[in-house]
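Q: Take this structure, written in structure tokens, and hold onto it; I'll ask about it next.
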Amino acid sequence: MLILALAMLQVAATTTAATVPAPPKHIVFLVIDDYGFGDASYKRAMYNETAPPPTPNIDELALNGIRLESHYVNKLCSPSRTSLLSGRYAYTNGMDDGVIIDGQNVDLPLNLRTIGDRLSQDGGWMTSAYGKWDAGMTVWGSTPTCRGFDHFNGFYSAASDYYSHMVGSGFDYHNNFETDVGADQVYTTHKVTRDVQNWITKKVKESGGAKTFAYVAHEAVHGPLEVPLSYVKGQCEELIPADRPSRRIYCGMVRAVDESVANITRTYKELGIFNSTLFILTGDNGGIPIVGGNNYPLRGTKATTFEGGVRSIAFVSGAGIHPDLRGTISHELMHLTDWLPTIVEGIAGISLGNNTTGRPCPTCTRRVAPLDGVNQWKMFNQLGEKSQRTEVLLDLQSTAKNKNASVTRIPGSGAIRVGRWKLLHGHVGVWPGMCTLRGPYRESPQSPIPILANTTPPWCPFGWTPPPRADGLFEAPQPPPESIHWGCKGKLPCNTPANAGLVAGQTMLFDVVEDIAERYNLAAKYPHVVHRLLKRLQVYNNTHCGGSRCEPDNAGGPLGLPSTKGGPHGVPVWLPWRGNSHPQACDTNRDPR
């Protein structure tokens, strides 16, 4: 009997081990810019009353993978991208309060190793990055090809024209260290897609056994609203009323991204590597209703810390996922910082111990904190595994001189989720103007769709976005009177006028499991929970690196300008402007002296 029992245990152990799939050999990480939480057609069955753009190819991946419905990001693009690349909360890197734009002397600290550094240098993976960088371009050492990516094709800035690729007076599209003049008049979504296809085809032919990582950071669906008219015709016209032109164009932009997903997955299938590829998709922050995005049923938009600003559309699909987890929905807590340890340690089996580049960097942050992300791979790869985190820091903007203030007087803003509870503290943006179309958008020759100056989608009071129903009837939920205070309440240092679009100077508590729309502020009902979460927020605040840009990460000195030549038709080009002018030197010295 004992021998039989031992044999049965051995068989059970062998069976369990056999059900754990092998890790993927290829990863495609898709980031869709300003993508609304409700803007994929698979969301229709999950949240009623929405009319999402048609996304059959995104749906196919999502419905055959794990849909991550409690996946958090930052409220703006640079904080999210630098968090993803570094595995650290934005407040530790000086990226917690804004977006890096061209000419701004701000970078993801150059002594921090990125996900590209770790995969290529430590694991021998072939790595590539496409589309939007937005993590700094002060020196060549700031750019993707010097930050662990073997190949880069894209732009450095936060946003550009989709056809001319102009940012102000400068052209911004690059192929590794060279200016990619061939990108001129090629729609960005198409350009990104083709370069991914070309790169993976070349790498598989050159080295069929190599492991590959493709970071595909689409500019879409960020403004400006531009898309070839063919993507708007038909389905988007049928779905969305004519008096909602911004939503129509946005729908077309989503359709173009969905086609990109189809083309990339088709190439991986043709190369015979689809079944060994893991696909990850996330937004970088919430959508913006004024430019067509929809976060329904969530409250808030991009640039706010309500769920609509920081809870993103996300899923994981493909190789390495446990077969019994395919087609499931996960409400387990996850944050964008988790992807670095999940991919590097969980999938690639690489140690996370070496956290600095070792390159000289006089103006870099000296203190190197441990990673804030956690390895979540078992949650996808094995049955019965839960999230490795119980809380997520969602936002923290503070200053060095106030970092030791009491838990009720943190200036700026902070937001944290612990279990089912979410706390918002300080100046919480509502941005009513982001829900009202105030004027016309520039038309492009490729998208001759009239945007009427007086076209006004319904204003979303107090941060709730109405569902974009196909019949054109829009009714935003009205808040209970006790759930909101417009303006300053006096709990914090506050000089915000009442009409500034802020829920300012107060503390709000929501049960975001039962109340996903954040309609009911429970702070007065559960003061002990408020106090507990404020204390947790203060723990993070005490480690804040100080200042809006966390000196000395900001090198100071004059801002950059486009170079004098090199772009298509002789226009200036955006390039790094400090340090060694030879790109291959990957200079990290940002000292302006």
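So you can find residues: chains in the structure tokens are A, B, ... in the order shown, residues in each start at 1, and ligands are numbered from 1 in order.
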So which residues touch Asp107 of chain A within 7 Å, counting only C-alpha atoms, skipping near sequence neighbours fewer than 6 positions away, as a CSV table (one decimal) with N, CA, C and O atoms, in the first residue's frame?

A:
chain,number,residue,atom,x,y,z
A,135,ALA,N,10.8,58.6,-23.3
A,135,ALA,CA,11.5,58.4,-22.0
A,135,ALA,C,12.8,59.2,-21.9
A,135,ALA,O,13.7,58.9,-21.1
A,136,GLY,N,12.9,60.2,-22.8
A,136,GLY,CA,14.1,61.1,-22.7
A,136,GLY,C,14.9,61.0,-24.0
A,136,GLY,O,15.0,59.9,-24.6
A,137,MET,N,15.6,62.2,-24.4
A,137,MET,CA,16.4,62.2,-25.5
A,137,MET,C,17.5,63.3,-25.4
A,137,MET,O,18.0,63.8,-26.3
A,138,THR,N,17.9,63.6,-24.1
A,138,THR,CA,18.8,64.6,-23.9
A,138,THR,C,20.2,64.3,-24.5
A,138,THR,O,20.8,65.2,-25.1
A,142,SER,N,20.4,58.3,-23.8
A,142,SER,CA,19.0,58.3,-23.4
A,142,SER,C,18.1,57.5,-24.4
A,142,SER,O,17.0,57.2,-24.1

Q: Set the distance at 7 Å and use only C-alpha atoms: which residues neighbour segment 118-132 of chain A once local chain neighbours fewer than 5 positions away are removed? I'd like the list as JSON, numbers by chain.

A: {"A": [113, 148, 149, 150, 151, 152, 153, 154, 155, 156, 157, 158, 192, 210, 211, 212, 213, 214, 215, 216, 217, 218, 219, 344, 350]}

Q: Just C-alpha atoms for this one: save the residues we selected as a PDB file, in the first residue's frame.

A:
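Saved file result_0.pdb follows:
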ATOM      1  CA  ARG A 113      18.762  49.231 -16.274  1.00  0.00           C
ATOM      2  CA  GLY A 148      19.114  47.813 -24.338  1.00  0.00           C
ATOM      3  CA  PHE A 149      17.234  47.672 -27.636  1.00  0.00           C
ATOM      4  CA  ASP A 150      19.202  46.221 -30.530  1.00  0.00           C
ATOM      5  CA  HIS A 151      16.905  47.901 -33.027  1.00  0.00           C
ATOM      6  CA  PHE A 152      14.703  51.011 -32.855  1.00  0.00           C
ATOM      7  CA  ASN A 153      12.361  52.523 -35.380  1.00  0.00           C
ATOM      8  CA  GLY A 154      10.182  55.334 -34.109  1.00  0.00           C
ATOM      9  CA  PHE A 155      10.120  58.788 -32.549  1.00  0.00           C
ATOM     10  CA  TYR A 156      11.431  60.294 -29.326  1.00  0.00           C
ATOM     11  CA  SER A 157       8.622  62.717 -28.481  1.00  0.00           C
ATOM     12  CA  ALA A 158       5.214  62.418 -26.841  1.00  0.00           C
ATOM     13  CA  VAL A 192       5.309  50.663 -36.905  1.00  0.00           C
ATOM     14  CA  ALA A 210      17.111  33.213 -31.056  1.00  0.00           C
ATOM     15  CA  LYS A 211      14.688  34.524 -28.451  1.00  0.00           C
ATOM     16  CA  THR A 212      13.097  37.860 -29.346  1.00  0.00           C
ATOM     17  CA  PHE A 213      11.377  40.726 -27.544  1.00  0.00           C
ATOM     18  CA  ALA A 214       9.459  43.362 -29.534  1.00  0.00           C
ATOM     19  CA  TYR A 215       8.276  46.462 -27.675  1.00  0.00           C
ATOM     20  CA  VAL A 216       5.549  47.829 -29.960  1.00  0.00           C
ATOM     21  CA  ALA A 217       4.523  51.249 -28.643  1.00  0.00           C
ATOM     22  CA  HIS A 218       1.913  52.601 -31.042  1.00  0.00           C
ATOM     23  CA  GLU A 219       1.347  56.346 -31.254  1.00  0.00           C
ATOM     24  CA  VAL A 344      12.904  39.064 -17.035  1.00  0.00           C
ATOM     25  CA  ILE A 350      17.306  36.138 -15.415  1.00  0.00           C
TER      26      ILE A 350
END

Q: Mind checking which residues fall within 8 Å of Met508 of chain A, counting only C-alpha atoms, ignoring those fewer than 4 positions away in the same chain, and posting them as a list in words?

A: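 So, after excluding close chain neighbours, the residues are Leu423, Leu424, His425, Asn521, Leu522 and Ala523 of chain A.
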
Q: Could you write out the selected residues, including N, CA and C atoms, as a PDB file, in the first residue's frame?

A:
ATOM      1  N   LEU A 423      -7.899  54.855  -2.117  1.00  0.00           N
ATOM      2  CA  LEU A 423      -7.854  56.173  -1.482  1.00  0.00           C
ATOM      3  C   LEU A 423      -7.302  57.196  -2.465  1.00  0.00           C
ATOM      4  N   LEU A 424      -7.978  58.329  -2.582  1.00  0.00           N
ATOM      5  CA  LEU A 424      -7.483  59.472  -3.336  1.00  0.00           C
ATOM      6  C   LEU A 424      -7.337  60.618  -2.354  1.00  0.00           C
ATOM      7  N   HIS A 425      -6.178  61.268  -2.375  1.00  0.00           N
ATOM      8  CA  HIS A 425      -5.877  62.263  -1.360  1.00  0.00           C
ATOM      9  C   HIS A 425      -5.232  63.477  -2.002  1.00  0.00           C
ATOM     10  N   ASN A 521     -18.385  57.986  -2.215  1.00  0.00           N
ATOM     11  CA  ASN A 521     -17.251  58.298  -1.358  1.00  0.00           C
ATOM     12  C   ASN A 521     -17.562  57.798   0.050  1.00  0.00           C
ATOM     13  N   LEU A 522     -16.800  56.806   0.528  1.00  0.00           N
ATOM     14  CA  LEU A 522     -17.068  56.157   1.811  1.00  0.00           C
ATOM     15  C   LEU A 522     -16.117  56.624   2.913  1.00  0.00           C
ATOM     16  N   ALA A 523     -15.427  57.746   2.681  1.00  0.00           N
ATOM     17  CA  ALA A 523     -14.434  58.199   3.659  1.00  0.00           C
ATOM     18  C   ALA A 523     -15.048  58.462   5.026  1.00  0.00           C
TER      19      ALA A 523
END

Q: Within 8 Å of Val512 of chain A, counting only C-alpha atoms, which residues show up once you throw out same-chain ones fewer than 5 positions away? Write them as a PyMOL selection string, please.

A: chain A and resi 420-422+517-518

Q: Write the residues of the selection above to a file with N, CA, C and O atoms, as an mmCIF file, in the first residue's frame.

A:
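In the end it all went to selection-v2.cif:
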data_model
loop_
_atom_site.group_PDB
_atom_site.id
_atom_site.type_symbol
_atom_site.label_atom_id
_atom_site.label_comp_id
_atom_site.auth_asym_id
_atom_site.auth_seq_id
_atom_site.Cartn_x
_atom_site.Cartn_y
_atom_site.Cartn_z
ATOM 1 N N ARG A 420 -9.613 45.832 -1.718
ATOM 2 C CA ARG A 420 -10.784 46.371 -2.406
ATOM 3 C C ARG A 420 -10.888 47.891 -2.276
ATOM 4 O O ARG A 420 -11.709 48.529 -2.929
ATOM 5 N N TRP A 421 -10.042 48.485 -1.398
ATOM 6 C CA TRP A 421 -10.161 49.897 -1.084
ATOM 7 C C TRP A 421 -9.214 50.750 -1.919
ATOM 8 O O TRP A 421 -8.066 50.389 -2.151
ATOM 9 N N LYS A 422 -9.708 51.907 -2.328
ATOM 10 C CA LYS A 422 -8.887 52.871 -3.056
ATOM 11 C C LYS A 422 -9.036 54.232 -2.394
ATOM 12 O O LYS A 422 -10.154 54.711 -2.172
ATOM 13 N N ALA A 517 -17.386 52.330 -10.610
ATOM 14 C CA ALA A 517 -17.541 53.676 -11.159
ATOM 15 C C ALA A 517 -17.185 54.766 -10.161
ATOM 16 O O ALA A 517 -17.276 55.946 -10.486
ATOM 17 N N GLU A 518 -16.787 54.393 -8.951
ATOM 18 C CA GLU A 518 -16.388 55.351 -7.916
ATOM 19 C C GLU A 518 -17.457 56.428 -7.693
ATOM 20 O O GLU A 518 -17.176 57.624 -7.646
#

Q: Could you give me, as a short mmCIF file (atom, residue, chain, number, x, y, z; two decimals) with C-alpha atoms, in the first residue's frame, the residues within 12 Å of Thr114 of chain A, counting only C-alpha atoms and dropping anything in the same chain fewer than 5 positions from it?

A:
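Now in out.cif:
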data_model
loop_
_atom_site.label_atom_id
_atom_site.label_comp_id
_atom_site.auth_asym_id
_atom_site.auth_seq_id
_atom_site.Cartn_x
_atom_site.Cartn_y
_atom_site.Cartn_z
CA ARG A 81 6.55 54.20 -20.09
CA THR A 82 9.40 54.87 -17.69
CA SER A 83 7.71 52.63 -15.09
CA LEU A 84 7.38 49.84 -17.63
CA LEU A 85 10.98 50.16 -18.80
CA SER A 86 12.47 50.35 -15.30
CA GLY A 87 10.11 48.28 -13.13
CA ARG A 88 9.88 51.23 -10.71
CA LEU A 108 14.55 58.21 -17.25
CA PRO A 109 17.64 58.12 -14.96
CA LEU A 119 17.02 40.76 -21.73
CA SER A 120 19.76 41.55 -24.25
CA GLN A 121 22.82 41.84 -22.01
CA ASP A 122 21.98 39.20 -19.40
CA THR A 127 15.38 43.14 -28.55
CA ALA A 135 11.52 58.39 -22.00
CA SER A 142 18.96 58.30 -23.39
CA THR A 143 17.75 56.82 -26.67
CA PRO A 144 16.43 53.27 -27.17
CA THR A 145 19.44 51.86 -29.03
CA CYS A 146 21.59 52.82 -26.03
CA ARG A 147 19.09 51.49 -23.49
CA GLY A 148 19.11 47.81 -24.34
CA PHE A 149 17.23 47.67 -27.64
CA THR A 337 5.87 47.85 -13.08
CA TRP A 339 5.97 43.36 -16.32
CA LEU A 340 9.75 43.78 -16.03
CA PRO A 341 10.21 41.18 -13.27
CA ILE A 343 9.28 38.87 -18.15
CA VAL A 344 12.90 39.06 -17.03
CA LEU A 352 17.03 40.83 -11.01
CA ASN A 354 22.04 43.82 -11.06
CA ASN A 355 20.10 47.09 -11.02
CA THR A 356 22.56 49.67 -12.36
CA THR A 357 24.29 50.11 -15.69
CA LEU A 371 12.22 47.24 -8.02
#

Q: How far is it from atom CA of Ser78 of chain A to atom CA of Gly287 of chain A, in Å with one decimal?

A: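 Those two atoms sit 15.1 Å apart.
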